[in-house]
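Colleague: Structure file input39.cif (mmCIF, C-alpha atoms) is given on the next line.
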data_model
#
loop_
_atom_site.label_atom_id
_atom_site.label_comp_id
_atom_site.auth_asym_id
_atom_site.auth_seq_id
_atom_site.Cartn_x
_atom_site.Cartn_y
_atom_site.Cartn_z
CA MET A 28 38.79 21.83 -15.95
CA LYS A 29 39.45 21.74 -12.22
CA CYS A 30 37.78 19.82 -9.42
CA LYS A 31 35.42 22.11 -7.54
CA LYS A 32 36.50 20.60 -4.23
CA CYS A 33 40.30 20.43 -4.47
CA GLY A 34 41.38 22.21 -7.63
CA GLU A 35 43.06 19.12 -9.13
CA THR A 36 42.35 18.07 -12.70
CA ALA A 37 38.69 17.06 -12.98
CA ALA A 38 37.71 13.61 -14.19
CA LEU A 39 34.07 14.40 -14.91
CA ASN A 40 32.07 17.53 -15.53
CA MET A 41 28.39 17.19 -14.66
CA ARG A 42 26.89 20.06 -16.62
CA GLN A 43 23.44 19.61 -15.12
CA HIS A 44 24.89 20.31 -11.66
CA LYS A 45 27.55 22.79 -12.82
CA LEU A 46 29.93 20.52 -10.93
CA ALA A 47 33.29 19.11 -12.01
CA LEU A 48 35.09 16.64 -9.74
CA CYS A 49 38.39 14.79 -9.72
CA GLN A 50 38.46 11.00 -9.49
CA GLU A 51 38.86 10.95 -5.71
CA HIS A 52 36.05 13.38 -5.02
CA PHE A 53 33.71 11.93 -7.62
CA LEU A 54 34.10 8.48 -6.04
CA GLU A 55 33.18 10.04 -2.69
CA TRP A 56 30.36 12.18 -4.06
CA LEU A 57 28.37 9.49 -5.85
CA PRO A 58 27.91 7.12 -2.86
CA GLU A 59 27.14 10.14 -0.64
CA GLN A 60 24.43 11.22 -3.05
CA THR A 61 23.12 7.66 -3.28
CA GLN A 62 22.75 7.60 0.49
CA ARG A 63 20.95 10.95 0.31
CA PHE A 64 18.43 9.60 -2.21
CA ILE A 65 17.95 6.35 -0.25
CA GLU A 66 16.94 8.49 2.72
CA LYS A 67 15.00 11.12 0.74
CA TYR A 68 12.78 8.54 -0.92
CA LYS A 69 12.68 6.26 2.16
CA MET A 70 13.97 3.33 0.13
CA PHE A 71 15.39 1.09 2.89
CA THR A 72 17.53 1.08 5.99
CA ARG A 73 20.56 -0.89 7.16
CA GLU A 74 18.20 -3.33 8.87
CA ASP A 75 16.70 -4.37 5.55
CA LYS A 76 17.74 -7.53 3.75
CA ILE A 77 18.36 -6.30 0.21
CA LEU A 78 18.40 -8.22 -3.06
CA VAL A 79 20.24 -6.42 -5.88
CA ALA A 80 19.36 -7.48 -9.41
CA VAL A 81 22.68 -7.66 -11.26
CA SER A 82 23.20 -8.06 -14.98
CA GLY A 83 26.97 -7.65 -15.24
CA GLY A 84 26.45 -4.11 -16.54
CA LYS A 85 27.81 -0.85 -15.18
CA ASP A 86 24.67 0.25 -13.34
CA SER A 87 23.86 -2.87 -11.37
CA LEU A 88 27.46 -3.71 -10.44
CA SER A 89 28.12 -0.10 -9.43
CA LEU A 90 24.95 -0.11 -7.35
CA TRP A 91 26.01 -3.28 -5.57
CA ASP A 92 29.47 -1.80 -4.97
CA ILE A 93 27.96 1.40 -3.52
CA LEU A 94 25.50 -0.42 -1.24
CA HIS A 95 28.31 -2.65 0.02
CA ARG A 96 30.50 0.38 0.71
CA LEU A 97 27.63 2.13 2.49
CA GLY A 98 27.26 -0.85 4.83
CA TYR A 99 23.99 -2.33 3.58
CA GLN A 100 23.25 -6.08 3.68
CA ALA A 101 22.92 -6.66 -0.03
CA ASP A 102 23.01 -9.99 -1.86
CA GLY A 103 22.96 -10.22 -5.65
CA LEU A 104 20.60 -11.96 -8.05
CA TYR A 105 21.85 -12.82 -11.51
CA ILE A 106 19.36 -14.17 -14.05
CA GLY A 107 20.92 -16.16 -16.89
CA LEU A 108 18.90 -15.35 -19.98
CA GLY A 109 20.69 -17.50 -22.52
CA ILE A 110 21.31 -14.56 -24.85
CA GLU A 111 23.49 -15.54 -27.78
CA GLN A 112 26.91 -14.27 -28.94
CA ASP A 113 28.37 -15.14 -25.51
CA TYR A 114 26.56 -12.14 -24.02
CA SER A 115 25.01 -14.09 -21.14
CA ASP A 116 28.16 -16.14 -20.44
CA GLU A 117 30.24 -13.02 -20.17
CA SER A 118 27.74 -11.11 -18.05
CA ARG A 119 27.51 -14.03 -15.63
CA ARG A 120 31.28 -14.36 -15.42
CA LEU A 121 31.66 -10.66 -14.61
CA SER A 122 28.91 -10.80 -11.98
CA GLU A 123 30.49 -13.85 -10.34
CA GLU A 124 33.95 -12.30 -10.34
CA PHE A 125 32.58 -9.09 -8.86
CA ALA A 126 30.87 -11.00 -6.02
CA ALA A 127 33.85 -13.26 -5.36
CA ALA A 128 36.29 -10.35 -5.17
CA ARG A 129 34.18 -8.70 -2.47
CA GLY A 130 33.00 -11.79 -0.61
CA LEU A 131 29.36 -11.10 -1.53
CA LYS A 132 26.61 -13.65 -2.03
CA LEU A 133 25.30 -14.01 -5.56
CA ASN A 134 22.14 -15.97 -6.28
CA VAL A 135 21.96 -17.33 -9.82
CA VAL A 136 18.88 -18.41 -11.73
CA GLU A 137 19.54 -19.84 -15.18
CA ILE A 138 16.29 -19.65 -17.11
CA GLU A 139 17.12 -22.52 -19.45
CA SER A 140 18.09 -25.02 -16.75
CA THR A 141 15.30 -23.90 -14.42
CA TYR A 142 12.44 -23.69 -16.90
CA GLY A 143 13.57 -25.39 -20.07
CA ALA A 144 14.30 -22.73 -22.72
CA THR A 145 16.43 -19.65 -23.27
CA ILE A 146 14.87 -16.22 -23.65
CA PRO A 147 15.32 -16.15 -27.46
CA GLU A 148 13.69 -19.61 -27.70
CA LEU A 149 10.93 -18.52 -25.39
CA ALA A 150 10.24 -15.44 -27.53
CA GLU A 151 10.06 -17.52 -30.68
CA ILE A 152 7.81 -20.22 -29.26
CA SER A 153 5.49 -17.96 -27.29
CA ASN A 154 5.13 -15.58 -30.24
CA ARG A 155 5.21 -12.53 -27.97
CA GLY A 156 7.08 -9.31 -28.67
CA HIS A 157 6.80 -8.91 -32.44
CA GLY A 158 9.89 -10.96 -33.24
CA LYS A 159 12.07 -9.50 -30.50
CA PRO A 160 12.70 -11.13 -27.14
CA CYS A 161 12.64 -7.93 -25.06
CA SER A 162 9.02 -8.37 -24.04
CA VAL A 163 9.39 -11.94 -22.74
CA CYS A 164 12.75 -10.99 -21.24
CA GLY A 165 11.15 -8.17 -19.24
CA LEU A 166 8.25 -10.35 -18.14
CA SER A 167 10.58 -13.19 -17.11
CA LYS A 168 12.97 -10.93 -15.22
CA ARG A 169 10.16 -9.20 -13.32
CA TYR A 170 8.65 -12.56 -12.39
CA ILE A 171 11.91 -14.18 -11.29
CA MET A 172 13.14 -11.11 -9.41
CA ASN A 173 9.87 -10.90 -7.51
CA ARG A 174 9.84 -14.59 -6.76
CA ALA A 175 13.48 -14.72 -5.69
CA ALA A 176 12.97 -11.74 -3.36
CA HIS A 177 9.85 -13.31 -1.88
CA ASP A 178 11.24 -16.83 -1.52
CA GLY A 179 14.57 -15.59 -0.16
CA ASP A 180 12.85 -13.41 2.49
CA TYR A 181 14.40 -10.23 1.16
CA THR A 182 12.64 -7.10 2.35
CA VAL A 183 13.46 -5.02 -0.71
CA LEU A 184 14.49 -5.68 -4.30
CA VAL A 185 16.72 -2.99 -5.82
CA THR A 186 17.53 -2.41 -9.45
CA GLY A 187 20.15 -0.27 -11.18
CA HIS A 188 17.77 1.92 -13.17
CA ASN A 189 19.45 5.28 -13.72
CA LEU A 190 17.90 8.63 -14.60
CA ASP A 191 18.25 8.05 -18.34
CA ASP A 192 16.28 4.81 -18.00
CA GLU A 193 13.62 6.60 -15.98
CA VAL A 194 13.19 9.58 -18.30
CA ALA A 195 13.09 7.36 -21.39
CA VAL A 196 10.15 5.48 -19.88
CA LEU A 197 8.61 8.72 -18.63
CA MET A 198 8.77 10.32 -22.06
CA GLN A 199 7.29 7.30 -23.78
CA ASN A 200 4.46 7.05 -21.28
CA THR A 201 3.82 10.80 -21.46
CA LEU A 202 3.57 10.71 -25.25
CA ASN A 203 1.16 7.80 -24.95
CA TRP A 204 -0.68 9.35 -21.97
CA ALA A 205 -0.32 6.01 -20.25
CA GLY A 206 -1.89 7.28 -17.04
CA GLY A 207 -1.67 4.04 -15.09
CA TYR A 208 2.04 3.66 -15.73
CA LEU A 209 2.72 7.36 -15.06
CA ALA A 210 1.00 7.10 -11.69
CA ARG A 211 3.13 4.09 -10.78
CA GLN A 212 6.54 5.39 -11.85
CA ALA A 213 8.49 6.27 -8.72
CA PRO A 214 11.84 5.70 -6.95
CA VAL A 215 10.05 3.18 -4.71
CA LEU A 216 7.28 0.76 -5.59
CA GLU A 217 5.62 -0.38 -2.40
CA ALA A 218 4.68 -4.02 -1.90
CA SER A 219 1.01 -3.21 -2.27
CA ARG A 220 -0.18 -6.83 -2.22
CA PRO A 221 0.97 -10.04 -0.49
CA GLY A 222 3.55 -11.77 -2.64
CA LEU A 223 4.76 -8.58 -4.32
CA ALA A 224 8.29 -7.50 -3.43
CA ARG A 225 8.98 -3.91 -2.41
CA LYS A 226 11.16 -2.37 -5.12
CA ALA A 227 13.57 0.57 -5.08
CA LYS A 228 15.81 2.35 -7.59
CA PRO A 229 18.67 4.03 -5.69
CA LEU A 230 20.35 5.29 -8.89
CA CYS A 231 17.26 7.00 -10.28
CA ARG A 232 18.78 10.49 -9.93
CA PHE A 233 22.10 9.75 -11.66
CA TYR A 234 22.76 10.17 -15.33
CA GLU A 235 23.90 7.06 -17.18
CA ARG A 236 27.11 8.92 -17.95
CA GLU A 237 27.84 9.29 -14.23
CA MET A 238 27.28 5.60 -13.60
CA ALA A 239 29.64 4.63 -16.42
CA ALA A 240 32.21 7.06 -15.01
CA TYR A 241 31.81 5.52 -11.56
CA ALA A 242 32.34 1.99 -12.87
CA ILE A 243 35.41 3.02 -14.87
CA LEU A 244 36.98 5.07 -12.09
CA ARG A 245 36.25 2.43 -9.47
CA GLY A 246 37.84 -0.21 -11.70
CA ILE A 247 34.69 -2.32 -11.94
CA ASP A 248 34.95 -4.77 -14.79
CA TYR A 249 31.55 -4.67 -16.48
CA ILE A 250 30.12 -5.83 -19.78
CA TYR A 251 30.62 -3.00 -22.28
CA ASP A 252 28.69 -4.57 -25.09
CA GLU A 253 25.02 -3.87 -25.39
CA CYS A 254 22.57 -6.76 -25.37
CA PRO A 255 22.45 -7.80 -29.06
CA HIS A 256 18.66 -7.54 -28.98
CA ALA A 257 18.65 -3.94 -27.72
CA LEU A 258 19.73 -2.56 -31.08
CA GLY A 259 16.89 -0.47 -32.44
CA SER A 260 14.91 -0.66 -29.22
CA THR A 261 12.40 2.03 -28.42
CA THR A 262 14.20 2.82 -25.18
CA LEU A 263 17.42 3.64 -27.03
CA TRP A 264 15.49 5.79 -29.48
CA TYR A 265 14.00 7.87 -26.65
CA LYS A 266 17.37 8.10 -24.93
CA GLU A 267 18.89 9.49 -28.11
CA ILE A 268 16.18 12.16 -28.36
CA LEU A 269 16.62 13.11 -24.72
CA ASN A 270 20.40 13.29 -25.06
CA ASN A 271 20.04 15.58 -28.06
CA MET A 272 17.91 17.82 -25.86
CA GLU A 273 20.45 17.58 -23.03
CA GLU A 274 23.24 18.60 -25.40
CA LYS A 275 21.42 21.84 -26.17
CA ARG A 276 20.10 22.42 -22.67
CA PRO A 277 22.11 20.79 -19.87
CA GLY A 278 19.90 19.57 -17.06
CA VAL A 279 16.74 19.05 -19.10
CA LYS A 280 16.61 15.31 -18.32
CA LEU A 281 17.04 15.87 -14.59
CA GLN A 282 14.47 18.66 -14.62
CA PHE A 283 11.97 16.47 -16.50
CA TYR A 284 12.27 13.72 -13.90
CA ILE A 285 12.29 15.91 -10.79
CA SER A 286 9.35 18.00 -12.06
CA PHE A 287 7.44 14.80 -12.74
CA LEU A 288 8.03 13.49 -9.21
CA GLN A 289 7.05 16.88 -7.80
CA ALA A 290 3.90 17.00 -9.91
CA LYS A 291 2.97 13.57 -8.62
CA GLU A 292 3.53 14.72 -5.04
CA GLU A 293 1.21 17.64 -5.71
CA GLY A 294 -1.50 15.32 -6.98
CA LEU A 295 -1.28 15.99 -10.71
CA PHE A 296 -1.56 12.28 -11.41
CA ALA A 297 -4.53 10.74 -9.70
CA GLN A 298 -4.14 7.06 -8.98
CA PRO A 299 -6.37 5.47 -11.59
CA ALA A 300 -8.82 2.80 -10.65
CA ASP A 301 -6.48 -0.12 -11.22
CA ALA A 302 -8.72 -3.09 -11.67
CA GLY A 303 -5.72 -5.34 -12.17
CA ALA A 304 -4.10 -4.47 -8.86
CA ALA A 305 -7.40 -4.63 -7.02
CA ASN A 306 -8.04 -8.16 -8.23
CA LEU A 307 -4.61 -9.63 -7.65
CA HIS A 308 -4.77 -13.19 -6.46
CA PRO A 309 -2.31 -16.10 -6.31
CA CYS A 310 -1.70 -17.85 -9.63
CA ASP A 311 -3.15 -21.36 -9.56
CA GLN A 312 0.08 -22.78 -10.97
CA CYS A 313 2.91 -20.91 -9.27
CA GLY A 314 1.31 -18.92 -6.46
CA GLN A 315 2.69 -15.57 -7.59
CA PRO A 316 0.30 -12.58 -7.61
CA THR A 317 -1.62 -12.17 -10.84
CA SER A 318 -4.65 -10.35 -12.15
CA ALA A 319 -5.31 -13.01 -14.77
CA PRO A 320 -8.63 -14.77 -14.14
CA GLY A 321 -9.20 -18.49 -14.36
CA PRO A 322 -7.14 -21.63 -13.97
CA GLU A 323 -4.77 -20.92 -16.86
CA GLY A 324 -2.52 -19.00 -14.53
CA CYS A 325 -0.41 -15.86 -14.72
CA SER A 326 1.22 -14.48 -17.88
CA PHE A 327 4.48 -16.18 -16.99
CA CYS A 328 2.89 -19.61 -16.52
CA ARG A 329 0.77 -19.25 -19.67
CA MET A 330 3.88 -18.38 -21.61
CA TRP A 331 5.64 -21.49 -20.36
CA ASP A 332 2.59 -23.64 -21.08
CA LYS A 333 3.10 -22.76 -24.75
CA VAL A 334 6.77 -23.68 -24.53
CA ARG A 335 6.00 -26.95 -22.76
CA ALA A 336 3.59 -27.86 -25.51
CA VAL A 337 6.36 -27.42 -28.07
CA LYS A 338 9.44 -28.49 -26.20
CA GLY A 339 8.11 -30.62 -23.38
CA ALA A 340 9.85 -28.29 -20.97
CA ARG A 341 9.53 -28.75 -17.27
CA LEU A 342 6.82 -27.12 -15.21
CA PRO A 343 7.77 -23.92 -13.44
CA ALA A 344 9.47 -24.71 -10.16
CA GLU A 345 7.27 -25.05 -7.08
CA VAL A 346 9.66 -23.02 -4.97
CA LEU A 347 12.27 -21.11 -6.87
CA ALA A 348 14.55 -20.74 -3.87
CA THR A 349 15.45 -24.42 -4.14
CA ASN A 350 16.78 -23.71 -7.62
CA LEU A 351 18.84 -20.73 -6.61
CA MET A 352 22.48 -21.42 -6.98
CA GLN A 353 24.51 -19.43 -4.53
CA ILE A 354 28.00 -18.43 -5.48
CA MET B 3 47.96 15.14 -47.57
CA SER B 4 47.78 17.25 -44.42
CA ASP B 5 50.79 17.51 -42.11
CA LYS B 6 48.61 18.51 -39.23
CA PRO B 7 49.32 16.37 -36.13
CA LEU B 8 46.60 13.84 -35.44
CA VAL B 9 45.00 12.22 -32.44
CA LYS B 10 43.65 8.68 -32.53
CA LEU B 11 40.19 7.87 -31.24
CA LYS B 12 38.82 4.37 -30.85
CA TYR B 13 35.10 3.72 -30.45
CA ARG B 14 33.90 0.11 -30.23
CA ASN B 15 35.86 -1.51 -33.08
CA LYS B 16 36.28 1.60 -35.18
CA ASP B 17 39.36 3.83 -35.36
CA TYR B 18 39.22 7.54 -36.12
CA GLU B 19 41.77 10.32 -36.43
CA VAL B 20 41.10 13.96 -35.69
CA PRO B 21 43.42 16.98 -35.77
CA ALA B 22 45.25 17.78 -32.54
CA GLY B 23 44.13 21.00 -30.88
CA MET B 24 40.44 20.12 -30.78
CA THR B 25 38.61 19.67 -27.51
CA VAL B 26 37.31 16.26 -26.53
CA ARG B 27 33.76 17.48 -27.06
CA ASP B 28 34.46 18.76 -30.56
CA ALA B 29 36.33 15.57 -31.46
CA ILE B 30 33.41 13.43 -30.34
CA LYS B 31 31.07 15.49 -32.52
CA LYS B 32 33.55 15.37 -35.40
CA VAL B 33 33.37 11.57 -35.53
CA GLY B 34 29.60 11.71 -35.49
CA LEU B 35 28.87 10.78 -31.90
CA GLN B 36 26.69 12.48 -29.33
CA PRO B 37 28.92 13.88 -26.52
CA GLU B 38 26.38 12.95 -23.85
CA THR B 39 26.64 9.29 -24.77
CA VAL B 40 30.38 8.62 -24.55
CA LEU B 41 33.23 9.09 -22.12
CA ALA B 42 36.79 9.75 -23.27
CA VAL B 43 39.46 7.68 -21.56
CA LEU B 44 43.24 8.12 -21.78
CA ASP B 45 45.51 5.76 -19.84
CA LYS B 46 42.59 4.66 -17.63
CA LYS B 47 41.81 8.28 -16.74
CA LEU B 48 38.70 10.17 -17.78
CA LEU B 49 39.07 13.35 -19.78
CA THR B 50 36.61 16.19 -19.35
CA ASP B 51 34.95 17.55 -22.47
CA ASP B 52 37.06 20.70 -22.54
CA THR B 53 40.38 18.82 -22.58
CA VAL B 54 42.44 19.87 -25.61
CA LEU B 55 43.74 16.88 -27.54
CA ARG B 56 47.47 16.75 -28.16
CA GLU B 57 49.44 14.92 -30.81
CA GLY B 58 50.09 11.29 -29.99
CA MET B 59 47.16 10.87 -27.63
CA ASP B 60 45.40 7.54 -28.04
CA ILE B 61 41.87 8.06 -26.80
CA LYS B 62 39.28 5.38 -26.14
CA LEU B 63 35.65 6.43 -26.35
CA ILE B 64 33.36 4.37 -24.17
CA ALA B 65 29.62 4.20 -24.82
CA VAL B 66 27.58 4.92 -21.71
CA ILE B 67 24.10 4.16 -22.98
CA SER B 68 22.38 0.85 -22.50
CA GLY B 69 18.79 -0.22 -22.68
CA GLY B 70 16.35 -2.44 -24.41
CA THR B 71 14.16 -3.92 -21.77
CA SER B 72 11.06 -2.01 -22.72
CA PRO B 73 8.66 -3.23 -25.38
CA PRO B 74 10.38 -2.47 -28.67
CA ALA B 75 7.38 -2.97 -30.87
CA SER B 76 6.66 0.54 -31.97
CA PRO B 77 8.68 2.40 -34.56
CA PRO B 78 9.03 6.16 -34.14
CA PRO B 79 5.42 7.01 -33.34
CA LEU B 80 3.58 7.95 -36.46
CA LEU B 81 0.20 9.36 -35.62
CA SER B 82 -1.57 6.17 -36.61
CA ALA B 83 0.71 4.16 -34.35
CA VAL B 84 0.11 6.49 -31.43
CA VAL B 85 -3.62 6.18 -31.90
CA ARG B 86 -3.35 2.39 -31.91
CA VAL B 87 -1.25 2.46 -28.76
CA GLN B 88 -3.76 4.69 -27.04
CA GLU B 89 -6.61 2.49 -28.04
CA ARG B 90 -4.88 -0.50 -26.55
CA GLY B 91 -4.01 1.47 -23.44
CA GLN B 92 -0.36 0.52 -23.76
CA GLY B 93 2.67 2.12 -22.24
CA VAL B 94 5.92 1.16 -20.65
CA ARG B 95 5.91 -0.48 -17.28
CA PRO B 96 8.03 1.75 -15.00
#
Would you give me this structure, written as structure tokens?

Modeller:
Amino acid sequence: MKCKKCGETAALNMRQHKLALCQEHFLEWLPEQTQRFIEKYKMFTREDKILVAVSGGKDSLSLWDILHRLGYQADGLYIGLGIEQDYSDESRRLSEEFAAARGLKLNVVEIESTYGATIPELAEISNRGHGKPCSVCGLSKRYIMNRAAHDGDYTVLVTGHNLDDEVAVLMQNTLNWAGGYLARQAPVLEASRPGLARKAKPLCRFYEREMAAYAILRGIDYIYDECPHALGSTTLWYKEILNNMEEKRPGVKLQFYISFLQAKEEGLFAQPADAGAANLHPCDQCGQPTSAPGPEGCSFCRMWDKVRAVKGARLPAEVLATNLMQI
Amino acid sequence: MSDKPLVKLKYRNKDYEVPAGMTVRDAIKKVGLQPETVLAVLDKKLLTDDTVLREGMDIKLIAVISGGTSPPASPPPLLSAVVRVQERGQGVRP
């Protein structure tokens, strides 16, 4: 197969676009398209101070690489989860090496040293997530990312969610008719309340396959292994179904996502009365926005209260920024 | 024993052999993988799905799918499970 631009041997064929490109032109095309989506969805400008959540994986490191190449001011945030089988050690090492090689600033928050337990310990003690740590992991990452963005005066928090991530969530929420979540799914989540970071997903229009190709062709050293806890996850199950559909009908994932965004634009999904968002107030313990009533605090603080009762772990930090380690 | 020339494929820690002359796409299917979920790499270069495999090629298949941050509680949604989820008003945070 030949590159559509130059006629050289193609490196990747994107069937959904009927477009095959060689290495050189693919590495040009993907950042150009990223810039197009940043502008199309009004994600941020070059005046913004951007915090990129990095995990050591292909999506987040590629995103950071692209934003750096496009001239954005983007620092990284790595959250050490304490996942076993050397997964977290390796992902941190790769994130640090990536930042060091490009002279970029990486903020590091290690959950165990900051709060007193690893994510697997936290899952076990807090008894959330039906025996798997993914629920507490998601909650902890959302909390820390928001807090780090707020405390570090970043104007936007960006994540490496790709189109496969987005359509897996979309499909699950559609099958459950989770109206509130459907109404909120978008390339940009505005900072609708004080204390909430503005969030953007610049890779939301790229297939996971394209992001892996970008990382490989750009020579980005990323963690190939999947998180050991992801095995059997619902997200992977939906991705498999969607990829089986894509195999038979190229472009179906992209069409699903774009049609959804268009339908939202046209008012198909009315914003539900979101009592939670309307009643957001600062958590009594940590000051982060929460809809939880009473003095017991937000979900994150309540979760750590349980851990503290068992382990005697430290209280959540007053100001997380003081615990950020900058590489 | 077949004398047909073979091509080696490596995926994670498993080794496979397929007959030369197949396309990358067919070879990926032959070893039981979904073509959308892997990339074929030869000497640090990506191969498109229509590339015909030749004898002696040593191909690495790289998984492109990751994920696991959403709530993993539910098994494939049996009707009863879906009903429970609806009753609780659950979904996946975007």

Colleague: Write out as a CSV table (one decimal) with C-alpha atoms, in the frame of the given file each polymer residue whose atoms come within 8 Å of region 11-14 of chain B, counting all atoms listed in the file; drop sequence neighbours fewer than 3 positions from it.

Modeller:
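Contents of around_9.csv, freshly written:
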chain,number,residue,atom,x,y,z
B,17,ASP,CA,39.4,3.8,-35.4
B,18,TYR,CA,39.2,7.5,-36.1
B,19,GLU,CA,41.8,10.3,-36.4
B,20,VAL,CA,41.1,14.0,-35.7
B,60,ASP,CA,45.4,7.5,-28.0
B,61,ILE,CA,41.9,8.1,-26.8
B,62,LYS,CA,39.3,5.4,-26.1
B,63,LEU,CA,35.6,6.4,-26.4
B,64,ILE,CA,33.4,4.4,-24.2
B,65,ALA,CA,29.6,4.2,-24.8

Colleague: Could you tell me how far CA of Glu35 (chain A) lies from CA of Pro37 (chain B), in Å and to one decimal?

Modeller: 23.0 Å

Colleague: Hey, can you check how far CA of Ala150 (chain A) sits from CA of Glu123 (chain A)?

Modeller: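 So the answer is 26.6 Å.
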
Colleague: Mind telling me what the PyMOL selection byres ((chain A) within 8 of (chain B)) catches here, as a ChimeraX atom specification?

Modeller: /A:28,37-40,156-157,159,161-162,164-165,192-193,196-197,199-200,203-205,208-209,211-213,235-236,239-240,243-244,251,253-254,256-264,270-271,273-274

Colleague: Keeping only C-alpha atoms, write the selected residues to a file as a PDB file, in the frame of the given file.

Modeller:
ATOM      1  CA  MET A  28      38.790  21.830 -15.950  1.00  0.00           C
ATOM      2  CA  ALA A  37      38.690  17.060 -12.980  1.00  0.00           C
ATOM      3  CA  ALA A  38      37.710  13.610 -14.190  1.00  0.00           C
ATOM      4  CA  LEU A  39      34.070  14.400 -14.910  1.00  0.00           C
ATOM      5  CA  ASN A  40      32.070  17.530 -15.530  1.00  0.00           C
ATOM      6  CA  GLY A 156       7.080  -9.310 -28.670  1.00  0.00           C
ATOM      7  CA  HIS A 157       6.800  -8.910 -32.440  1.00  0.00           C
ATOM      8  CA  LYS A 159      12.070  -9.500 -30.500  1.00  0.00           C
ATOM      9  CA  CYS A 161      12.640  -7.930 -25.060  1.00  0.00           C
ATOM     10  CA  SER A 162       9.020  -8.370 -24.040  1.00  0.00           C
ATOM     11  CA  CYS A 164      12.750 -10.990 -21.240  1.00  0.00           C
ATOM     12  CA  GLY A 165      11.150  -8.170 -19.240  1.00  0.00           C
ATOM     13  CA  ASP A 192      16.280   4.810 -18.000  1.00  0.00           C
ATOM     14  CA  GLU A 193      13.620   6.600 -15.980  1.00  0.00           C
ATOM     15  CA  VAL A 196      10.150   5.480 -19.880  1.00  0.00           C
ATOM     16  CA  LEU A 197       8.610   8.720 -18.630  1.00  0.00           C
ATOM     17  CA  GLN A 199       7.290   7.300 -23.780  1.00  0.00           C
ATOM     18  CA  ASN A 200       4.460   7.050 -21.280  1.00  0.00           C
ATOM     19  CA  ASN A 203       1.160   7.800 -24.950  1.00  0.00           C
ATOM     20  CA  TRP A 204      -0.680   9.350 -21.970  1.00  0.00           C
ATOM     21  CA  ALA A 205      -0.320   6.010 -20.250  1.00  0.00           C
ATOM     22  CA  TYR A 208       2.040   3.660 -15.730  1.00  0.00           C
ATOM     23  CA  LEU A 209       2.720   7.360 -15.060  1.00  0.00           C
ATOM     24  CA  ARG A 211       3.130   4.090 -10.780  1.00  0.00           C
ATOM     25  CA  GLN A 212       6.540   5.390 -11.850  1.00  0.00           C
ATOM     26  CA  ALA A 213       8.490   6.270  -8.720  1.00  0.00           C
ATOM     27  CA  GLU A 235      23.900   7.060 -17.180  1.00  0.00           C
ATOM     28  CA  ARG A 236      27.110   8.920 -17.950  1.00  0.00           C
ATOM     29  CA  ALA A 239      29.640   4.630 -16.420  1.00  0.00           C
ATOM     30  CA  ALA A 240      32.210   7.060 -15.010  1.00  0.00           C
ATOM     31  CA  ILE A 243      35.410   3.020 -14.870  1.00  0.00           C
ATOM     32  CA  LEU A 244      36.980   5.070 -12.090  1.00  0.00           C
ATOM     33  CA  TYR A 251      30.620  -3.000 -22.280  1.00  0.00           C
ATOM     34  CA  GLU A 253      25.020  -3.870 -25.390  1.00  0.00           C
ATOM     35  CA  CYS A 254      22.570  -6.760 -25.370  1.00  0.00           C
ATOM     36  CA  HIS A 256      18.660  -7.540 -28.980  1.00  0.00           C
ATOM     37  CA  ALA A 257      18.650  -3.940 -27.720  1.00  0.00           C
ATOM     38  CA  LEU A 258      19.730  -2.560 -31.080  1.00  0.00           C
ATOM     39  CA  GLY A 259      16.890  -0.470 -32.440  1.00  0.00           C
ATOM     40  CA  SER A 260      14.910  -0.660 -29.220  1.00  0.00           C
ATOM     41  CA  THR A 261      12.400   2.030 -28.420  1.00  0.00           C
ATOM     42  CA  THR A 262      14.200   2.820 -25.180  1.00  0.00           C
ATOM     43  CA  LEU A 263      17.420   3.640 -27.030  1.00  0.00           C
ATOM     44  CA  TRP A 264      15.490   5.790 -29.480  1.00  0.00           C
ATOM     45  CA  ASN A 270      20.400  13.290 -25.060  1.00  0.00           C
ATOM     46  CA  ASN A 271      20.040  15.580 -28.060  1.00  0.00           C
ATOM     47  CA  GLU A 273      20.450  17.580 -23.030  1.00  0.00           C
ATOM     48  CA  GLU A 274      23.240  18.600 -25.400  1.00  0.00           C
TER      49      GLU A 274
END

Colleague: In Å, rounded to a single decimal, give me how far CA of Leu44 (chain B) is from CA of Thr36 (chain A).

Modeller: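 Distance between the two atoms: 13.5 Å.
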
Colleague: Determine the residue set returned by the PyMOL selection byres ((chain A and resi 146) around 8) for the present structure, and present it as number ranges by chain.

Modeller: A: 108-110, 138-139, 144-145, 147-150, 160, 163-164

Colleague: For the residues selected in the previous step, produce a file with C-alpha atoms as a compact mmCIF listing (two decimals), keeping the file's coordinate frame.

Modeller:
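See out-v3.txt below for the written result:
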# COMPACT_ATOMS: atom_id res chain seq x y z
CA LEU A 108 18.90 -15.35 -19.98
CA GLY A 109 20.69 -17.50 -22.52
CA ILE A 110 21.31 -14.56 -24.85
CA ILE A 138 16.29 -19.65 -17.11
CA GLU A 139 17.12 -22.52 -19.45
CA ALA A 144 14.30 -22.73 -22.72
CA THR A 145 16.43 -19.65 -23.27
CA PRO A 147 15.32 -16.15 -27.46
CA GLU A 148 13.69 -19.61 -27.70
CA LEU A 149 10.93 -18.52 -25.39
CA ALA A 150 10.24 -15.44 -27.53
CA PRO A 160 12.70 -11.13 -27.14
CA VAL A 163 9.39 -11.94 -22.74
CA CYS A 164 12.75 -10.99 -21.24

Colleague: List the neighbours of Phe233 (chain A) out to 8 Å using all atoms listed in the file; skip same-chain residues closer than 6 positions along the sequence, and give me the result as an NGL selection string.

Modeller: :A and (189-191)

Colleague: Using only C-alpha atoms, give me every residue within 10 Å of (15.0, -2.0, -1.9) in file coordinates, as number ranges by chain.

Modeller: A: 65, 69-72, 75-79, 101, 181-186, 214-217, 224-229
